[in-house]
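Heads up, query-v5.csv below (CSV, N, CA and C atoms):
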chain,number,residue,atom,x,y,z
A,1,MET,N,-1.8,16.6,15.0
A,1,MET,CA,-0.4,16.5,15.1
A,1,MET,C,0.0,15.1,14.5
A,2,LYS,N,1.0,15.0,13.7
A,2,LYS,CA,1.5,13.8,13.1
A,2,LYS,C,2.4,13.1,14.1
A,3,LYS,N,2.2,11.8,14.2
A,3,LYS,CA,3.1,11.0,15.0
A,3,LYS,C,4.0,10.2,14.1
A,4,GLY,N,5.3,10.1,14.5
A,4,GLY,CA,6.2,9.3,13.7
A,4,GLY,C,6.1,7.9,14.0
A,5,GLY,N,5.8,7.1,13.0
A,5,GLY,CA,5.6,5.7,13.2
A,5,GLY,C,5.6,5.0,11.8
A,6,PRO,N,5.5,3.7,11.8
A,6,PRO,CA,5.6,3.1,10.5
A,6,PRO,C,4.3,3.4,9.6
A,7,LYS,N,4.6,3.6,8.4
A,7,LYS,CA,3.4,3.8,7.5
A,7,LYS,C,3.0,2.5,6.9
A,8,LEU,N,1.7,2.3,6.8
A,8,LEU,CA,1.2,1.0,6.3
A,8,LEU,C,0.9,1.3,4.8
A,9,PHE,N,1.2,0.3,4.0
A,9,PHE,CA,1.0,0.5,2.6
A,9,PHE,C,0.0,-0.6,2.1
A,10,ALA,N,-0.8,-0.2,1.2
A,10,ALA,CA,-1.7,-1.2,0.6
A,10,ALA,C,-0.9,-2.2,-0.2
A,11,SER,N,-1.5,-3.4,-0.4
A,11,SER,CA,-0.7,-4.4,-1.0
A,11,SER,C,-0.5,-4.2,-2.5
A,12,TYR,N,-1.3,-3.2,-3.1
A,12,TYR,CA,-1.1,-2.9,-4.5
A,12,TYR,C,-0.2,-1.8,-4.8
A,13,ASP,N,0.3,-1.1,-3.7
A,13,ASP,CA,1.2,0.0,-3.9
A,13,ASP,C,2.6,-0.6,-4.2
A,14,CYS,N,3.2,-0.1,-5.3
A,14,CYS,CA,4.6,-0.5,-5.6
A,14,CYS,C,5.5,0.5,-5.0
A,15,LEU,N,6.5,0.1,-4.2
A,15,LEU,CA,7.4,1.0,-3.5
A,15,LEU,C,8.7,1.1,-4.3
A,16,MET,N,8.8,0.5,-5.4
A,16,MET,CA,10.1,0.5,-6.2
A,16,MET,C,9.8,0.9,-7.6
A,17,SER,N,10.8,1.4,-8.3
A,17,SER,CA,10.8,1.6,-9.7
A,17,SER,C,12.0,0.8,-10.3
A,18,ALA,N,11.8,0.3,-11.5
A,18,ALA,CA,12.9,-0.5,-12.1
A,18,ALA,C,13.3,0.2,-13.4
A,19,LYS,N,14.6,-0.1,-13.8
A,19,LYS,CA,15.1,0.4,-15.1
A,19,LYS,C,16.2,-0.6,-15.5
A,20,THR,N,16.5,-0.6,-16.8
A,20,THR,CA,17.5,-1.5,-17.3
A,20,THR,C,18.8,-0.7,-17.4
A,21,CYS,N,19.9,-1.4,-17.2
A,21,CYS,CA,21.2,-0.8,-17.3
A,21,CYS,C,22.1,-1.8,-18.1
A,22,LYS,N,22.8,-1.2,-19.1
A,22,LYS,CA,23.7,-2.0,-19.9
A,22,LYS,C,25.1,-1.5,-19.7
A,23,SER,N,26.0,-2.5,-19.7
A,23,SER,CA,27.4,-2.2,-19.6
A,23,SER,C,28.2,-2.9,-20.7
A,24,ASN,N,29.4,-2.6,-20.9
A,24,ASN,CA,30.2,-3.2,-21.9
A,24,ASN,C,30.6,-4.7,-21.6
A,25,THR,N,30.5,-5.1,-20.4
A,25,THR,CA,30.9,-6.4,-20.0
A,25,THR,C,29.8,-7.4,-19.9
A,26,THR,N,28.6,-6.9,-19.7
A,26,THR,CA,27.4,-7.8,-19.5
A,26,THR,C,26.3,-7.3,-20.5
A,27,SER,N,25.3,-8.2,-20.7
A,27,SER,CA,24.2,-7.9,-21.6
A,27,SER,C,23.3,-6.9,-21.0
A,28,GLY,N,23.3,-6.8,-19.7
A,28,GLY,CA,22.5,-5.8,-19.0
A,28,GLY,C,21.9,-6.4,-17.7
A,29,LYS,N,21.3,-5.5,-16.9
A,29,LYS,CA,20.6,-6.0,-15.7
A,29,LYS,C,19.6,-5.0,-15.3
A,30,VAL,N,18.7,-5.4,-14.4
A,30,VAL,CA,17.6,-4.6,-14.0
A,30,VAL,C,18.0,-4.0,-12.6
A,31,ILE,N,17.8,-2.6,-12.5
A,31,ILE,CA,18.2,-1.9,-11.3
A,31,ILE,C,16.9,-1.4,-10.7
A,32,TYR,N,16.8,-1.5,-9.3
A,32,TYR,CA,15.7,-1.1,-8.6
A,32,TYR,C,16.0,0.1,-7.7
A,33,THR,N,15.0,1.0,-7.7
A,33,THR,CA,15.2,2.2,-6.8
A,33,THR,C,13.9,2.3,-5.9
A,34,LEU,N,14.2,2.5,-4.6
A,34,LEU,CA,13.1,2.7,-3.7
A,34,LEU,C,12.5,4.1,-3.8
A,35,GLU,N,11.2,4.2,-3.9
A,35,GLU,CA,10.5,5.5,-3.9
A,35,GLU,C,10.7,6.2,-2.6
A,36,ASN,N,10.7,5.4,-1.5
A,36,ASN,CA,10.8,6.0,-0.1
A,36,ASN,C,11.9,5.1,0.6
A,37,PRO,N,13.1,5.5,0.6
A,37,PRO,CA,14.2,4.6,1.2
A,37,PRO,C,13.9,4.1,2.6
A,38,GLU,N,13.2,4.9,3.4
A,38,GLU,CA,12.9,4.5,4.8
A,38,GLU,C,12.0,3.3,4.9
A,39,SER,N,11.2,3.1,3.8
A,39,SER,CA,10.3,2.0,3.8
A,39,SER,C,10.9,0.6,3.8
A,40,ILE,N,12.2,0.5,3.5
A,40,ILE,CA,12.9,-0.8,3.5
A,40,ILE,C,13.0,-1.4,4.9
A,41,ILE,N,12.9,-0.6,5.9
A,41,ILE,CA,13.0,-1.0,7.3
A,41,ILE,C,11.8,-1.9,7.6
A,42,TYR,N,10.6,-1.6,7.0
A,42,TYR,CA,9.4,-2.3,7.3
A,42,TYR,C,9.1,-3.5,6.4
A,43,LEU,N,10.0,-3.8,5.4
A,43,LEU,CA,9.7,-4.8,4.4
A,43,LEU,C,10.5,-6.1,4.7
A,44,GLY,N,9.8,-7.2,4.5
A,44,GLY,CA,10.5,-8.5,4.6
A,44,GLY,C,11.0,-8.9,3.2
A,45,LYS,N,11.7,-10.0,3.2
A,45,LYS,CA,12.3,-10.5,1.9
A,45,LYS,C,11.2,-10.7,0.9
A,46,LYS,N,10.0,-11.3,1.3
A,46,LYS,CA,8.9,-11.6,0.4
A,46,LYS,C,8.4,-10.3,-0.2
A,47,ASP,N,8.2,-9.3,0.7
A,47,ASP,CA,7.7,-8.0,0.2
A,47,ASP,C,8.6,-7.3,-0.8
A,48,ILE,N,9.9,-7.4,-0.5
A,48,ILE,CA,10.9,-6.8,-1.4
A,48,ILE,C,10.8,-7.5,-2.8
A,49,LEU,N,10.8,-8.8,-2.8
A,49,LEU,CA,10.7,-9.6,-4.1
A,49,LEU,C,9.4,-9.2,-4.8
A,50,PHE,N,8.3,-9.1,-4.1
A,50,PHE,CA,7.0,-8.8,-4.7
A,50,PHE,C,7.1,-7.4,-5.3
A,51,ASN,N,7.7,-6.4,-4.6
A,51,ASN,CA,7.8,-5.1,-5.2
A,51,ASN,C,8.7,-5.0,-6.4
A,52,GLN,N,9.7,-5.8,-6.4
A,52,GLN,CA,10.6,-5.9,-7.5
A,52,GLN,C,9.8,-6.5,-8.7
A,53,LEU,N,9.0,-7.5,-8.5
A,53,LEU,CA,8.2,-8.1,-9.5
A,53,LEU,C,7.2,-7.1,-10.1
A,54,MET,N,6.6,-6.3,-9.2
A,54,MET,CA,5.6,-5.3,-9.7
A,54,MET,C,6.3,-4.2,-10.5
A,55,ALA,N,7.5,-3.8,-10.1
A,55,ALA,CA,8.2,-2.8,-10.8
A,55,ALA,C,8.6,-3.3,-12.2
A,56,CYS,N,9.0,-4.5,-12.3
A,56,CYS,CA,9.4,-5.1,-13.6
A,56,CYS,C,8.2,-5.2,-14.5
A,57,GLU,N,7.1,-5.6,-14.0
A,57,GLU,CA,5.9,-5.7,-14.8
A,57,GLU,C,5.4,-4.3,-15.3
A,58,LYS,N,5.6,-3.3,-14.5
A,58,LYS,CA,5.3,-1.9,-15.0
A,58,LYS,C,6.3,-1.5,-16.0
A,59,LEU,N,7.5,-1.9,-15.9
A,59,LEU,CA,8.6,-1.5,-16.9
A,59,LEU,C,8.3,-2.1,-18.2
A,60,ILE,N,7.8,-3.3,-18.3
A,60,ILE,CA,7.5,-4.0,-19.6
A,60,ILE,C,6.7,-3.1,-20.5
A,61,ASP,N,5.7,-2.3,-19.9
A,61,ASP,CA,4.9,-1.5,-20.7
A,61,ASP,C,5.6,-0.4,-21.5
A,62,HIS,N,6.8,0.0,-21.0
A,62,HIS,CA,7.6,1.1,-21.5
A,62,HIS,C,8.8,0.7,-22.3
A,63,VAL,N,9.0,-0.6,-22.5
A,63,VAL,CA,10.2,-1.1,-23.2
A,63,VAL,C,10.0,-1.0,-24.7
A,64,ARG,N,11.0,-0.5,-25.4
A,64,ARG,CA,11.0,-0.5,-26.9
A,64,ARG,C,12.1,-1.4,-27.5
A,65,ASP,N,13.1,-1.8,-26.7
A,65,ASP,CA,14.2,-2.6,-27.2
A,65,ASP,C,13.9,-4.1,-26.9
A,66,ASN,N,14.0,-4.9,-27.9
A,66,ASN,CA,13.8,-6.4,-27.7
A,66,ASN,C,14.8,-7.0,-26.7
A,67,ASN,N,16.0,-6.5,-26.7
A,67,ASN,CA,17.0,-7.0,-25.8
A,67,ASN,C,16.5,-6.7,-24.3
A,68,ASP,N,16.1,-5.5,-24.1
A,68,ASP,CA,15.6,-5.1,-22.8
A,68,ASP,C,14.3,-5.9,-22.4
A,69,LEU,N,13.5,-6.2,-23.4
A,69,LEU,CA,12.3,-7.0,-23.1
A,69,LEU,C,12.6,-8.4,-22.7
A,70,GLU,N,13.6,-9.0,-23.3
A,70,GLU,CA,14.0,-10.3,-22.9
A,70,GLU,C,14.7,-10.3,-21.6
A,71,LEU,N,15.5,-9.3,-21.3
A,71,LEU,CA,16.1,-9.1,-20.0
A,71,LEU,C,15.1,-9.0,-18.9
A,72,ILE,N,14.1,-8.2,-19.1
A,72,ILE,CA,13.0,-8.0,-18.1
A,72,ILE,C,12.2,-9.3,-17.9
A,73,ARG,N,11.9,-10.0,-19.0
A,73,ARG,CA,11.1,-11.2,-18.8
A,73,ARG,C,11.9,-12.3,-18.0
A,74,THR,N,13.2,-12.3,-18.3
A,74,THR,CA,14.1,-13.2,-17.5
A,74,THR,C,14.1,-12.9,-16.1
A,75,GLU,N,14.2,-11.6,-15.8
A,75,GLU,CA,14.2,-11.1,-14.4
A,75,GLU,C,12.9,-11.4,-13.7
A,76,ILE,N,11.7,-11.3,-14.4
A,76,ILE,CA,10.4,-11.6,-13.9
A,76,ILE,C,10.3,-13.1,-13.6
A,77,ASP,N,10.8,-13.9,-14.5
A,77,ASP,CA,10.8,-15.4,-14.2
A,77,ASP,C,11.7,-15.7,-13.0
A,78,GLU,N,12.8,-15.1,-12.8
A,78,GLU,CA,13.7,-15.4,-11.7
A,78,GLU,C,13.0,-14.9,-10.4
A,79,LEU,N,12.4,-13.7,-10.4
A,79,LEU,CA,11.7,-13.2,-9.2
A,79,LEU,C,10.5,-14.1,-8.8
A,80,LYS,N,9.8,-14.6,-9.8
A,80,LYS,CA,8.7,-15.5,-9.5
A,80,LYS,C,9.2,-16.8,-8.9
A,81,LEU,N,10.3,-17.3,-9.4
A,81,LEU,CA,10.9,-18.5,-8.8
A,81,LEU,C,11.3,-18.2,-7.3
A,82,MET,N,12.0,-17.1,-7.1
A,82,MET,CA,12.4,-16.8,-5.7
A,82,MET,C,11.2,-16.6,-4.8
A,83,LEU,N,10.1,-16.0,-5.3
A,83,LEU,CA,8.9,-15.8,-4.5
A,83,LEU,C,8.4,-17.2,-4.1
A,84,ASP,N,8.4,-18.1,-5.1
A,84,ASP,CA,7.9,-19.4,-4.8
A,84,ASP,C,8.7,-20.1,-3.7
A,85,LEU,N,10.0,-19.9,-3.7
A,85,LEU,CA,10.9,-20.5,-2.8
A,85,LEU,C,10.7,-19.9,-1.4
A,86,VAL,N,10.5,-18.6,-1.3
A,86,VAL,CA,10.3,-17.9,0.0
A,86,VAL,C,9.0,-18.2,0.6
A,87,THR,N,8.0,-18.4,-0.2
A,87,THR,CA,6.6,-18.7,0.3
A,87,THR,C,6.5,-20.0,0.9
Just dump the structure as structure tokens.
Amino acid sequence: MKKGGPKLFASYDCLMSAKTCKSNTTSGKVIYTLENPESIIYLGKKDILFNQLMACEKLIDHVRDNNDLELIRTEIDELKLMLDLVT
């Protein structure tokens, strides 16, 4: 019988996916989607930033547009800086 409780995730599991979004007013931004929305309850700020970083690094492998690549690299740099500040 399954018991309802928090699921524990390995440190290498990425709980988010990332994609780029462009609008007419901005050059673009990175949007994150949780694979399992209920997992946000168990994550701290550092865990969220780390998962965003992992999602961006996975996204780089699939980018074909140089503007998107620059946008993602900028996002990765900002996430690393925020992770350093939180740690």
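Among the candidates A:Ile40, A:Leu83, A:Leu49, A:Val30, the residue lying nearest to A:Leu71 is A:Val30 (atoms considered: all atoms listed in the file).
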TODO: Go through A:Asn36, A:Lys22, A:Ser17, A:Leu53 and flag the residue nearest A:Asp65, using only C-alpha atoms for the distances.
DONE: A:Lys22
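Backbone DSSP over chain A gives strand (DSSP E) for A:Met16, A:Ser17, A:Ala18, A:Lys19, A:Thr20, A:Cys21, A:Lys29, A:Val30, A:Ile31, A:Tyr32, A:Thr33, A:Leu34.
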Open item on the list: Which residues are close to A:Met54, i.e. within 12 Å by only C-alpha atoms, leaving aside same-chain residues fewer than 3 positions away? Reply as a ChimeraX atom specification.
Closed with: /A:11-18,32,47-51,57-61,72,75-76,79-80
Task: Residues flagged helix (DSSP H, G or I) by DSSP in stretch 2-87 of chain A, as an NGL selection string - done: :A and (37-42 or 45-60 or 66-86)
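A straight-line distance of 7.4 Å separates atom CA of A:Lys46 from atom N of A:Val86.
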TODO: Measure the distance from atom CA of A:Glu38 to atom N of A:Lys19 in Å and round it to one decimal.
DONE: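 For atom CA of A:Glu38 relative to atom N of A:Lys19, the distance reads 19.2 Å.
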Open item on the list: Could you tell me how far atom CA of A:Glu35 sits from atom CA of A:Asp68, in Å to one decimal place?
Closed with: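 Separation between atom CA of A:Asp68 and atom CA of A:Glu35: 22.3 Å.
Considering the residues A:Ser39, A:Gln52, A:Thr33, A:Ser27 and counting only C-alpha atoms, A:Glu70 has its shortest atom-to-atom contact with A:Ser27.
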